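Since the structure comes first, as C-alpha cells, the remarks are kept for the end.
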Amino acid sequence: MTQATGSDQIVRQSREQSIDLPFNLAQPHLGGAAATLGHILFVTSVIAAMISFHNTTARYVFALGREGALGILFLIFVTAIAVVVFSARDRRGESR
C-alpha cells in the first residue's frame with residue numbers, strides 16, 4: 001500500500017479510505033470484479049471468525065460446566081465483585 005500511495009501519502013489515504021484502501025488500490029490493476037470479490041471475502045472471513053470465536057467459547061464453558069469447575073469459577077467471580085463493592089462502600093477511615 002505504501003508503494004502504491006507513496007510513503008508521504010499512506011497515512012492520509014488510510015484515514016480517508018479506511019478499510020476500502022486495499023480494494024481501491026487493487027481495482028485499477030485487477031478490475032472492479034476483483035475488488036467486489038475482495039469485499040465479499042473480507043466480510044465472510046469476519047463472519048467466520050465470529051462464528052469460530054463463539055464456538056470456542058461455548059465449548060470451553062460447556063467443558064467447565066461438565067467438570068463442575070464453572071460453579072467454582074462463578075463463586076470466585078462473585079466473591080471478587082463483593083470485595084470491590086464492600087471496599088467502595090465501607091472505607092473505615094482509609095484514605096485513597
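In the C-alpha cells, each chain is lettered A, B, ... as it comes, each chain's residues begin at 1, and ligands are numbered from 1 in order of appearance.
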* For segment 36-44 of chain A, list every protein, DNA or RNA residue within 10 Å, evaluated using only C-alpha atoms, and leave out those in the same chain fewer than 3 positions away; present the list as number ranges by chain. => A: 19-20, 22-23, 26-27, 31-33, 47-50
Same residues, C-alpha atoms, output as a PDB file, in the first residue's frame:
```pdb
ATOM      1  CA  ILE A  19     -10.887  -0.432   5.016  1.00  0.00           C
ATOM      2  CA  ASP A  20     -11.506   0.332   1.337  1.00  0.00           C
ATOM      3  CA  PRO A  22      -6.523  -2.087  -0.326  1.00  0.00           C
ATOM      4  CA  PHE A  23      -9.545  -2.731  -2.550  1.00  0.00           C
ATOM      5  CA  ALA A  26      -6.197  -3.169  -6.410  1.00  0.00           C
ATOM      6  CA  GLN A  27      -9.148  -2.119  -8.573  1.00  0.00           C
ATOM      7  CA  GLY A  31     -10.701  -4.763 -12.148  1.00  0.00           C
ATOM      8  CA  GLY A  32     -13.923  -3.992 -10.369  1.00  0.00           C
ATOM      9  CA  ALA A  33     -14.963  -7.638 -10.084  1.00  0.00           C
ATOM     10  CA  ILE A  47     -18.305 -13.704   9.941  1.00  0.00           C
ATOM     11  CA  ALA A  48     -16.332 -16.968  10.020  1.00  0.00           C
ATOM     12  CA  ALA A  49     -14.025 -15.569  12.700  1.00  0.00           C
ATOM     13  CA  MET A  50     -17.023 -14.525  14.832  1.00  0.00           C
TER      14      MET A  50
END
```
* So how many Å separate atom CA of Leu64 of chain A and atom CA of Val78 of chain A, to one decimal? -> 16.7 Å
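In this structure, atom CA of Ala4 of chain A sits 15.2 Å away from atom CA of Glu16 of chain A.
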* Excluding Val61 of chain A and residues on its chain fewer than 6 positions from it, collect all residues at most 12 Å away from it, counting only C-alpha atoms, and give them as a PyMOL selection string. => chain A and resi 54-55+67-71+73-74
Saved selection, atoms kept: C-alpha atoms, as a PDB file, in the first residue's frame:
```pdb
ATOM      1  CA  HIS A  54     -18.414 -18.200  19.615  1.00  0.00           C
ATOM      2  CA  ASN A  55     -17.902 -21.938  19.085  1.00  0.00           C
ATOM      3  CA  GLU A  67     -16.358 -30.852  35.116  1.00  0.00           C
ATOM      4  CA  GLY A  68     -18.019 -28.808  37.840  1.00  0.00           C
ATOM      5  CA  ALA A  69     -15.403 -26.084  37.634  1.00  0.00           C
ATOM      6  CA  LEU A  70     -17.849 -23.479  36.335  1.00  0.00           C
ATOM      7  CA  GLY A  71     -19.770 -23.423  39.686  1.00  0.00           C
ATOM      8  CA  LEU A  73     -15.256 -20.060  38.963  1.00  0.00           C
ATOM      9  CA  PHE A  74     -18.636 -18.362  39.338  1.00  0.00           C
TER      10      PHE A  74
END
```
